[in-house]
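**Student:** So that you have it, the file is my_file-v1.txt, and it contains compact mmCIF, C-alpha atoms:
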# COMPACT_ATOMS: atom_id res chain seq x y z
CA MET A 1 -17.59 -1.88 10.78
CA THR A 2 -14.43 0.10 11.46
CA VAL A 3 -12.89 2.20 8.70
CA ARG A 4 -9.41 3.66 9.13
CA LEU A 5 -7.51 6.19 7.03
CA ILE A 6 -3.78 5.47 7.09
CA PRO A 7 -1.05 7.59 5.48
CA TYR A 8 0.89 5.50 2.96
CA LEU A 9 4.38 6.68 1.99
CA VAL A 10 5.72 5.44 -1.34
CA MET A 11 9.49 5.68 -1.57
CA ASP A 12 11.95 5.23 -4.44
CA GLY A 13 14.09 2.37 -3.16
CA ASN A 14 14.83 3.92 0.24
CA ALA A 15 11.82 2.78 2.29
CA ALA A 16 14.00 0.66 4.60
CA GLU A 17 16.16 3.71 5.30
CA ALA A 18 13.06 5.87 5.94
CA ILE A 19 11.61 3.24 8.28
CA SER A 20 14.84 3.10 10.28
CA PHE A 21 14.94 6.91 10.42
CA TYR A 22 11.35 7.20 11.70
CA GLN A 23 11.90 4.40 14.23
CA LYS A 24 14.68 6.46 15.80
CA ALA A 25 13.29 9.96 15.25
CA LEU A 26 9.71 9.22 16.34
CA ASP A 27 10.10 6.20 18.66
CA ALA A 28 8.15 4.20 16.07
CA GLN A 29 7.60 0.47 16.39
CA LEU A 30 7.92 -1.73 13.29
CA LEU A 31 4.76 -3.86 13.09
CA PHE A 32 5.35 -5.52 9.72
CA SER A 33 7.84 -5.46 6.87
CA GLN A 34 8.10 -7.53 3.70
CA LYS A 35 10.41 -7.17 0.71
CA PHE A 36 9.37 -7.91 -2.87
CA GLY A 37 11.75 -10.89 -2.78
CA GLU A 38 9.73 -12.40 0.12
CA MET A 39 6.42 -12.35 -1.76
CA PRO A 40 5.02 -15.52 -3.37
CA ASP A 41 6.45 -16.18 -6.84
CA ASN A 42 4.24 -15.28 -9.77
CA PRO A 43 5.35 -16.96 -13.03
CA ASP A 44 3.33 -14.42 -15.05
CA PHE A 45 5.35 -11.56 -13.56
CA PRO A 46 8.90 -12.69 -12.76
CA LEU A 47 10.66 -10.51 -10.21
CA PRO A 48 13.73 -8.65 -11.51
CA PRO A 49 16.80 -9.00 -9.27
CA GLU A 50 16.91 -5.24 -8.54
CA ALA A 51 13.43 -5.45 -6.94
CA LYS A 52 14.14 -8.22 -4.43
CA ASP A 53 15.48 -6.00 -1.63
CA ARG A 54 12.92 -3.22 -2.03
CA VAL A 55 10.12 -2.98 0.55
CA SER A 56 6.79 -4.22 -0.84
CA HIS A 57 4.90 -3.28 2.33
CA ALA A 58 5.67 -2.18 5.88
CA THR A 59 3.74 -0.71 8.79
CA LEU A 60 5.07 1.47 11.59
CA LYS A 61 3.18 2.37 14.77
CA ILE A 62 3.89 5.97 15.76
CA GLY A 63 2.11 6.77 18.99
CA GLU A 64 -1.50 5.70 18.42
CA SER A 65 -1.28 5.93 14.62
CA ASP A 66 -0.07 3.66 11.85
CA VAL A 67 1.96 4.74 8.82
CA MET A 68 2.46 2.36 5.90
CA PHE A 69 5.40 2.26 3.50
CA SER A 70 6.47 0.67 0.25
CA ASP A 71 9.05 1.23 -2.44
CA THR A 72 8.20 1.75 -6.06
CA PHE A 73 8.92 -1.14 -8.35
CA PRO A 74 12.15 -0.54 -10.32
CA GLY A 75 11.36 1.55 -13.38
CA GLN A 76 8.11 3.00 -11.98
CA PRO A 77 7.98 6.78 -11.98
CA HIS A 78 8.43 8.43 -8.60
CA VAL A 79 7.65 12.12 -8.23
CA ILE A 80 8.47 13.94 -5.00
CA GLY A 81 5.20 15.38 -3.73
CA THR A 82 3.06 12.44 -4.84
CA GLN A 83 4.58 9.82 -2.58
CA VAL A 84 1.91 10.19 0.12
CA THR A 85 -1.32 8.30 -0.51
CA ILE A 86 -4.18 7.28 1.77
CA CYS A 87 -4.83 3.65 2.59
CA LEU A 88 -8.53 3.14 3.31
CA ARG A 89 -8.71 -0.01 5.44
CA VAL A 90 -12.16 -1.60 5.50
CA GLY A 91 -13.68 -4.75 6.95
CA ASP A 92 -15.41 -6.44 4.01
CA LYS A 93 -15.50 -6.70 0.22
CA GLU A 94 -18.92 -5.07 -0.13
CA GLN A 95 -17.76 -1.93 1.68
CA ALA A 96 -14.51 -1.92 -0.32
CA THR A 97 -16.47 -2.18 -3.58
CA ARG A 98 -18.83 0.63 -2.60
CA TYR A 99 -15.98 2.99 -1.66
CA PHE A 100 -13.88 2.05 -4.69
CA ASN A 101 -16.78 2.62 -7.10
CA ALA A 102 -17.64 5.97 -5.51
CA LEU A 103 -14.02 7.20 -5.59
CA GLN A 104 -13.49 6.23 -9.23
CA ASP A 105 -16.38 8.48 -10.38
CA GLY A 106 -14.54 11.14 -12.37
CA GLY A 107 -11.20 9.65 -11.36
CA THR A 108 -8.73 7.06 -12.65
CA VAL A 109 -8.29 3.42 -11.67
CA ASN A 110 -4.61 2.54 -11.25
CA MET A 111 -5.31 -1.04 -10.14
CA PRO A 112 -8.79 -2.60 -10.34
CA LEU A 113 -10.30 -3.81 -7.08
CA GLN A 114 -9.38 -7.49 -6.94
CA GLU A 115 -8.35 -10.35 -4.71
CA THR A 116 -4.62 -10.47 -4.01
CA PHE A 117 -2.43 -12.79 -1.95
CA PHE A 118 -2.70 -10.31 0.95
CA SER A 119 -6.31 -9.09 0.73
CA PRO A 120 -9.71 -10.35 -0.44
CA ALA A 121 -10.25 -6.99 -2.20
CA TYR A 122 -7.47 -4.49 -2.93
CA GLY A 123 -7.29 -1.72 -5.50
CA ILE A 124 -5.82 1.71 -6.18
CA VAL A 125 -7.84 4.65 -7.44
CA VAL A 126 -7.04 8.34 -7.96
CA ASP A 127 -10.15 10.42 -7.29
CA LYS A 128 -11.23 13.41 -9.38
CA PHE A 129 -9.26 15.71 -7.06
CA GLY A 130 -5.96 13.86 -7.68
CA VAL A 131 -5.89 12.08 -4.30
CA THR A 132 -4.67 8.47 -4.49
CA PHE A 133 -6.52 5.93 -2.36
CA GLN A 134 -5.46 2.35 -1.75
CA ILE A 135 -8.53 0.33 -0.77
CA PHE A 136 -7.43 -2.53 1.49
CA THR A 137 -9.93 -5.09 2.75
CA GLU A 138 -9.02 -6.93 5.93
CA GLY A 139 -9.29 -10.69 6.05
CA LYS A 140 -7.79 -13.64 4.29
CA PRO A 141 -8.11 -14.06 0.55
CA HIS A 142 -9.50 -17.34 -0.75
CA GLN A 143 -6.72 -19.90 -0.95
Take the structure I supplied and represent it as structure tokens, if you would.
**Tutor:**
Amino acid sequence: MTVRLIPYLVMDGNAAEAISFYQKALDAQLLFSQKFGEMPDNPDFPLPPEAKDRVSHATLKIGESDVMFSDTFPGQPHVIGTQVTICLRVGDKEQATRYFNALQDGGTVNMPLQETFFSPAYGIVVDKFGVTFQIFTEGKPHQ
């Protein structure tokens, strides 16, 4: 099973601008980009108009490496210096659960590991050293 560590840059409404900048500056190739307004509707959490054009997720290929991006949701705090997280991409839910549980020991869960529309198991945890990990499981969620 392959595990990859991917830098994840969280921006404050300017992810699209950053992506364009890195495409030109680093000859990066845009592999994927989706705005909050392009995500499936969730009646429990209606999307405010100011969020629709913000990037919910994007991936750039820079040389042999990937870098992921997103914007904060309007109103979320954004502190310069904490915008870089690590996305831990794993192949199955069992491995995701094992890593997530180990990283949360002495840390803080920002989003419980759960099925989402884009992953069978996704969660966010800050470990006891203050490093934020996004656990992303490859594969299709149950539909």
**Student:** Write out as a CSV table (one decimal) with C-alpha atoms, in the frame of the given file the residues lying within 9 Å of A:Ala15, counting all atoms listed in the file and excluding same-chain residues fewer than 6 positions away.
**Tutor:**
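around_8.csv written:
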chain,number,residue,atom,x,y,z
A,9,LEU,CA,4.4,6.7,2.0
A,54,ARG,CA,12.9,-3.2,-2.0
A,55,VAL,CA,10.1,-3.0,0.6
A,58,ALA,CA,5.7,-2.2,5.9
A,69,PHE,CA,5.4,2.3,3.5
A,70,SER,CA,6.5,0.7,0.2
A,71,ASP,CA,9.0,1.2,-2.4
**Student:** For A:Gln95, find every residue with an atom within 9 Å (counting only C-alpha atoms), except residues of its own chain fewer than 5 positions away, and show them as number ranges by chain.
**Tutor:** A: 90, 100, 137
**Student:** Find the residues of stretch 73-135 of chain A that sit at most 12 Å from stretch 42-51 of chain A; for each, write down the nearest two atoms and how far apart they are in Å, to one decimal. Count only C-alpha atoms. Sort by chain, then by number going up, and give it as a tab-separated table.
**Tutor:**
residue	atom	partner	partner_atom	distance
A:Phe73	CA	A:Ala51	CA	6.4
A:Pro74	CA	A:Ala51	CA	6.1
A:Gly75	CA	A:Ala51	CA	9.7
A:Gln76	CA	A:Ala51	CA	11.2
A:Thr116	CA	A:Asn42	CA	11.6
A:Phe117	CA	A:Asn42	CA	10.6
**Student:** For the interface of stretch 23-98 of chain A with stretch 128-136 of chain A (cut-off 12 Å, counting only C-alpha atoms), please tabulate each contacting residue of stretch 23-98 of chain A alongside its nearest pair of atoms and their separation in Å to one decimal, rows sorted by chain and increasing number, as CSV.
**Tutor:**
residue,atom,partner,partner_atom,distance
A:Met68,CA,A:Gln134,CA,11.0
A:Gly81,CA,A:Val131,CA,11.6
A:Thr82,CA,A:Thr132,CA,8.7
A:Gln83,CA,A:Thr132,CA,9.5
A:Val84,CA,A:Thr132,CA,8.2
A:Thr85,CA,A:Thr132,CA,5.2
A:Ile86,CA,A:Phe133,CA,4.9
A:Cys87,CA,A:Gln134,CA,4.6
A:Leu88,CA,A:Ile135,CA,5.0
A:Arg89,CA,A:Phe136,CA,4.9
A:Val90,CA,A:Phe136,CA,6.3
A:Gly91,CA,A:Phe136,CA,8.6
A:Asp92,CA,A:Phe136,CA,9.2
A:Lys93,CA,A:Phe136,CA,9.2
A:Glu94,CA,A:Ile135,CA,11.7
A:Gln95,CA,A:Ile135,CA,9.8
A:Ala96,CA,A:Ile135,CA,6.4
A:Thr97,CA,A:Ile135,CA,8.8
A:Arg98,CA,A:Ile135,CA,10.5
**Student:** One decimal, in Å: what's the spacing between atom CA of A:Met39 and atom CA of A:Thr108?
**Tutor:** 26.9 Å
**Student:** Taking only C-alpha atoms into account, which of A:Ala102, A:Val67, A:Val109, A:Val125 comes nearest A:Leu30?
**Tutor:**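 Between A:Ala102, A:Val67, A:Val109, A:Val125, the residue approaching A:Leu30 most closely is A:Val67.
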**Student:** Looking at A:Ala18, A:Asp41, A:Met11, A:Val126, which one is nearest to A:Asp105, with distances taken over all atoms listed in the file?
**Tutor:**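 Comparing A:Ala18, A:Asp41, A:Met11, A:Val126 against A:Asp105, the winner is A:Val126.
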**Student:** Could you state the separation of atom CA of A:Ile62 and atom CA of A:Asp27 in Å, given to one decimal place?
**Tutor:**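 Computed distance, atom CA of A:Ile62 to atom CA of A:Asp27, equals 6.9 Å.
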**Student:** Report, in Å to a single decimal, how far apart atom CA of A:Gly37 and atom CA of A:Gly13 are.
**Tutor:**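 Atom CA of A:Gly13 sits 13.5 Å away from atom CA of A:Gly37.
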**Student:** In terms of the shortest atom-to-atom distance over only C-alpha atoms, which of A:Gln104, A:Gly139, A:Lys52, A:Thr2 is closest to A:Lys35?
**Tutor:**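 Once distances to A:Lys35 are computed over only C-alpha atoms, the minimum belongs to A:Lys52.
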**Student:** Let me make sure I understand: among A:Thr72, A:Gly107, A:Pro112, A:Ser65, which one has the smallest atom-to-atom distance to A:Ile6 if we use all atoms listed in the file?
**Tutor:**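 Under the stated criterion, the closest residue is A:Ser65.
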**Student:** Which residue out of A:Leu113, A:Val3, A:Ile124, A:Ala16 has the minimum interatomic distance to A:Asp53 when only C-alpha atoms are used?
**Tutor:**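 Under the stated criterion, the closest residue is A:Ala16.
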**Student:** Need the shell around A:Leu31: protein/DNA/RNA residues with any atom at most 7 Å away, counting all atoms listed in the file. Skip same-chain ones fewer than 6 positions apart. Format as a list of chain:residue names?
**Tutor:**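 Non-adjacent residues within range: A:Thr59, A:Leu60, A:Lys61.
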**Student:** Tell me which protein, DNA and RNA residues are within 9 Å of A:Pro141, counting all atoms listed in the file, leaving out same-chain ones fewer than 4 positions away, and put them as a short mmCIF file (atom, residue, chain, number, x, y, z; two decimals) with C-alpha atoms, in the frame of the given file.
**Tutor:**
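And here's out.cif as it stands now:
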data_model
loop_
_atom_site.label_atom_id
_atom_site.label_comp_id
_atom_site.auth_asym_id
_atom_site.auth_seq_id
_atom_site.Cartn_x
_atom_site.Cartn_y
_atom_site.Cartn_z
CA GLU A 115 -8.35 -10.35 -4.71
CA THR A 116 -4.62 -10.47 -4.01
CA PHE A 117 -2.43 -12.79 -1.95
CA PHE A 118 -2.70 -10.31 0.95
CA SER A 119 -6.31 -9.09 0.73
CA PRO A 120 -9.71 -10.35 -0.44
CA ALA A 121 -10.25 -6.99 -2.20
#
**Student:** Is it possible to dump stretch 4-46 of chain A as a PDB file, in the first residue's frame, including just N, CA and C atoms?
**Tutor:**
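Result written to selection-v7.pdb:
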ATOM      1  N   ARG A   4       1.550   8.577   0.685  1.00  0.00           N
ATOM      2  CA  ARG A   4       2.228   9.770   0.195  1.00  0.00           C
ATOM      3  C   ARG A   4       1.953  10.936   1.121  1.00  0.00           C
ATOM      4  N   LEU A   5       2.994  11.723   1.408  1.00  0.00           N
ATOM      5  CA  LEU A   5       2.851  12.971   2.142  1.00  0.00           C
ATOM      6  C   LEU A   5       2.828  14.102   1.129  1.00  0.00           C
ATOM      7  N   ILE A   6       1.797  14.933   1.191  1.00  0.00           N
ATOM      8  CA  ILE A   6       1.615  15.990   0.206  1.00  0.00           C
ATOM      9  C   ILE A   6       1.433  17.318   0.934  1.00  0.00           C
ATOM     10  N   PRO A   7       2.252  18.335   0.631  1.00  0.00           N
ATOM     11  CA  PRO A   7       2.013  19.645   1.232  1.00  0.00           C
ATOM     12  C   PRO A   7       0.631  20.164   0.825  1.00  0.00           C
ATOM     13  N   TYR A   8      -0.074  20.752   1.786  1.00  0.00           N
ATOM     14  CA  TYR A   8      -1.412  21.280   1.535  1.00  0.00           C
ATOM     15  C   TYR A   8      -1.426  22.730   1.987  1.00  0.00           C
ATOM     16  N   LEU A   9      -1.611  23.654   1.052  1.00  0.00           N
ATOM     17  CA  LEU A   9      -1.582  25.081   1.325  1.00  0.00           C
ATOM     18  C   LEU A   9      -3.012  25.606   1.475  1.00  0.00           C
ATOM     19  N   VAL A  10      -3.306  26.167   2.624  1.00  0.00           N
ATOM     20  CA  VAL A  10      -4.636  26.720   2.892  1.00  0.00           C
ATOM     21  C   VAL A  10      -4.538  28.235   2.788  1.00  0.00           C
ATOM     22  N   MET A  11      -5.291  28.796   1.857  1.00  0.00           N
ATOM     23  CA  MET A  11      -5.233  30.223   1.566  1.00  0.00           C
ATOM     24  C   MET A  11      -6.495  30.912   2.095  1.00  0.00           C
ATOM     25  N   ASP A  12      -6.464  32.237   2.103  1.00  0.00           N
ATOM     26  CA  ASP A  12      -7.584  33.022   2.632  1.00  0.00           C
ATOM     27  C   ASP A  12      -8.331  33.725   1.500  1.00  0.00           C
ATOM     28  N   GLY A  13      -8.876  32.930   0.573  1.00  0.00           N
ATOM     29  CA  GLY A  13      -9.645  33.503  -0.524  1.00  0.00           C
ATOM     30  C   GLY A  13      -8.821  33.790  -1.766  1.00  0.00           C
ATOM     31  N   ASN A  14      -7.509  33.522  -1.726  1.00  0.00           N
ATOM     32  CA  ASN A  14      -6.675  33.809  -2.893  1.00  0.00           C
ATOM     33  C   ASN A  14      -5.982  32.559  -3.441  1.00  0.00           C
ATOM     34  N   ALA A  15      -6.574  31.389  -3.231  1.00  0.00           N
ATOM     35  CA  ALA A  15      -5.981  30.148  -3.735  1.00  0.00           C
ATOM     36  C   ALA A  15      -5.892  30.158  -5.258  1.00  0.00           C
ATOM     37  N   ALA A  16      -6.914  30.638  -5.942  1.00  0.00           N
ATOM     38  CA  ALA A  16      -6.879  30.669  -7.410  1.00  0.00           C
ATOM     39  C   ALA A  16      -5.718  31.531  -7.902  1.00  0.00           C
ATOM     40  N   GLU A  17      -5.496  32.657  -7.237  1.00  0.00           N
ATOM     41  CA  GLU A  17      -4.378  33.526  -7.589  1.00  0.00           C
ATOM     42  C   GLU A  17      -3.043  32.820  -7.325  1.00  0.00           C
ATOM     43  N   ALA A  18      -2.928  32.127  -6.195  1.00  0.00           N
ATOM     44  CA  ALA A  18      -1.700  31.401  -5.865  1.00  0.00           C
ATOM     45  C   ALA A  18      -1.443  30.280  -6.876  1.00  0.00           C
ATOM     46  N   ILE A  19      -2.486  29.572  -7.255  1.00  0.00           N
ATOM     47  CA  ILE A  19      -2.354  28.493  -8.236  1.00  0.00           C
ATOM     48  C   ILE A  19      -1.823  29.040  -9.556  1.00  0.00           C
ATOM     49  N   SER A  20      -2.413  30.132 -10.014  1.00  0.00           N
ATOM     50  CA  SER A  20      -1.975  30.757 -11.263  1.00  0.00           C
ATOM     51  C   SER A  20      -0.511  31.205 -11.158  1.00  0.00           C
ATOM     52  N   PHE A  21      -0.148  31.781 -10.022  1.00  0.00           N
ATOM     53  CA  PHE A  21       1.220  32.223  -9.799  1.00  0.00           C
ATOM     54  C   PHE A  21       2.195  31.043  -9.885  1.00  0.00           C
ATOM     55  N   TYR A  22       1.887  29.947  -9.183  1.00  0.00           N
ATOM     56  CA  TYR A  22       2.790  28.795  -9.174  1.00  0.00           C
ATOM     57  C   TYR A  22       2.823  28.082 -10.533  1.00  0.00           C
ATOM     58  N   GLN A  23       1.717  28.127 -11.272  1.00  0.00           N
ATOM     59  CA  GLN A  23       1.739  27.555 -12.618  1.00  0.00           C
ATOM     60  C   GLN A  23       2.796  28.262 -13.469  1.00  0.00           C
ATOM     61  N   LYS A  24       2.824  29.583 -13.381  1.00  0.00           N
ATOM     62  CA  LYS A  24       3.780  30.353 -14.178  1.00  0.00           C
ATOM     63  C   LYS A  24       5.184  30.288 -13.597  1.00  0.00           C
ATOM     64  N   ALA A  25       5.311  30.476 -12.286  1.00  0.00           N
ATOM     65  CA  ALA A  25       6.626  30.570 -11.658  1.00  0.00           C
ATOM     66  C   ALA A  25       7.365  29.231 -11.641  1.00  0.00           C
ATOM     67  N   LEU A  26       6.615  28.125 -11.498  1.00  0.00           N
ATOM     68  CA  LEU A  26       7.242  26.814 -11.321  1.00  0.00           C
ATOM     69  C   LEU A  26       6.888  25.808 -12.411  1.00  0.00           C
ATOM     70  N   ASP A  27       6.328  26.287 -13.527  1.00  0.00           N
ATOM     71  CA  ASP A  27       5.914  25.406 -14.624  1.00  0.00           C
ATOM     72  C   ASP A  27       4.989  24.297 -14.113  1.00  0.00           C
ATOM     73  N   ALA A  28       4.125  24.628 -13.183  1.00  0.00           N
ATOM     74  CA  ALA A  28       3.227  23.645 -12.582  1.00  0.00           C
ATOM     75  C   ALA A  28       2.053  23.347 -13.506  1.00  0.00           C
ATOM     76  N   GLN A  29       1.571  22.131 -13.399  1.00  0.00           N
ATOM     77  CA  GLN A  29       0.420  21.682 -14.187  1.00  0.00           C
ATOM     78  C   GLN A  29      -0.769  21.513 -13.245  1.00  0.00           C
ATOM     79  N   LEU A  30      -1.892  22.140 -13.585  1.00  0.00           N
ATOM     80  CA  LEU A  30      -3.106  21.999 -12.787  1.00  0.00           C
ATOM     81  C   LEU A  30      -3.739  20.641 -13.075  1.00  0.00           C
ATOM     82  N   LEU A  31      -3.819  19.792 -12.045  1.00  0.00           N
ATOM     83  CA  LEU A  31      -4.409  18.463 -12.195  1.00  0.00           C
ATOM     84  C   LEU A  31      -5.894  18.447 -11.856  1.00  0.00           C
ATOM     85  N   PHE A  32      -6.296  19.280 -10.893  1.00  0.00           N
ATOM     86  CA  PHE A  32      -7.687  19.295 -10.459  1.00  0.00           C
ATOM     87  C   PHE A  32      -7.968  20.610  -9.747  1.00  0.00           C
ATOM     88  N   SER A  33      -9.171  21.132  -9.955  1.00  0.00           N
ATOM     89  CA  SER A  33      -9.612  22.305  -9.211  1.00  0.00           C
ATOM     90  C   SER A  33     -11.125  22.291  -9.111  1.00  0.00           C
ATOM     91  N   GLN A  34     -11.619  22.578  -7.909  1.00  0.00           N
ATOM     92  CA  GLN A  34     -13.062  22.635  -7.672  1.00  0.00           C
ATOM     93  C   GLN A  34     -13.346  23.765  -6.694  1.00  0.00           C
ATOM     94  N   LYS A  35     -14.362  24.556  -7.008  1.00  0.00           N
ATOM     95  CA  LYS A  35     -14.781  25.638  -6.114  1.00  0.00           C
ATOM     96  C   LYS A  35     -15.882  25.129  -5.188  1.00  0.00           C
ATOM     97  N   PHE A  36     -16.054  25.801  -4.050  1.00  0.00           N
ATOM     98  CA  PHE A  36     -17.121  25.423  -3.126  1.00  0.00           C
ATOM     99  C   PHE A  36     -18.479  25.398  -3.837  1.00  0.00           C
ATOM    100  N   GLY A  37     -18.690  26.330  -4.754  1.00  0.00           N
ATOM    101  CA  GLY A  37     -19.959  26.405  -5.479  1.00  0.00           C
ATOM    102  C   GLY A  37     -20.203  25.235  -6.419  1.00  0.00           C
ATOM    103  N   GLU A  38     -19.165  24.427  -6.696  1.00  0.00           N
ATOM    104  CA  GLU A  38     -19.291  23.264  -7.580  1.00  0.00           C
ATOM    105  C   GLU A  38     -19.504  21.970  -6.800  1.00  0.00           C
ATOM    106  N   MET A  39     -19.469  22.050  -5.482  1.00  0.00           N
ATOM    107  CA  MET A  39     -19.662  20.860  -4.651  1.00  0.00           C
ATOM    108  C   MET A  39     -21.151  20.512  -4.592  1.00  0.00           C
ATOM    109  N   PRO A  40     -21.470  19.257  -4.270  1.00  0.00           N
ATOM    110  CA  PRO A  40     -22.885  18.887  -4.121  1.00  0.00           C
ATOM    111  C   PRO A  40     -23.547  19.713  -3.015  1.00  0.00           C
ATOM    112  N   ASP A  41     -24.790  20.100  -3.233  1.00  0.00           N
ATOM    113  CA  ASP A  41     -25.546  20.855  -2.231  1.00  0.00           C
ATOM    114  C   ASP A  41     -25.762  20.016  -0.981  1.00  0.00           C
ATOM    115  N   ASN A  42     -25.685  20.677   0.161  1.00  0.00           N
ATOM    116  CA  ASN A  42     -25.980  20.033   1.433  1.00  0.00           C
ATOM    117  C   ASN A  42     -26.996  20.909   2.159  1.00  0.00           C
ATOM    118  N   PRO A  43     -28.270  20.463   2.227  1.00  0.00           N
ATOM    119  CA  PRO A  43     -29.308  21.293   2.842  1.00  0.00           C
ATOM    120  C   PRO A  43     -29.045  21.593   4.323  1.00  0.00           C
ATOM    121  N   ASP A  44     -28.257  20.745   4.994  1.00  0.00           N
ATOM    122  CA  ASP A  44     -27.938  20.991   6.400  1.00  0.00           C
ATOM    123  C   ASP A  44     -26.929  22.129   6.571  1.00  0.00           C
ATOM    124  N   PHE A  45     -26.142  22.382   5.531  1.00  0.00           N
ATOM    125  CA  PHE A  45     -25.135  23.436   5.568  1.00  0.00           C
ATOM    126  C   PHE A  45     -25.200  24.251   4.277  1.00  0.00           C
ATOM    127  N   PRO A  46     -26.169  25.158   4.164  1.00  0.00           N
ATOM    128  CA  PRO A  46     -26.282  25.950   2.933  1.00  0.00           C
ATOM    129  C   PRO A  46     -25.028  26.803   2.711  1.00  0.00           C
TER     130      PRO A  46
END
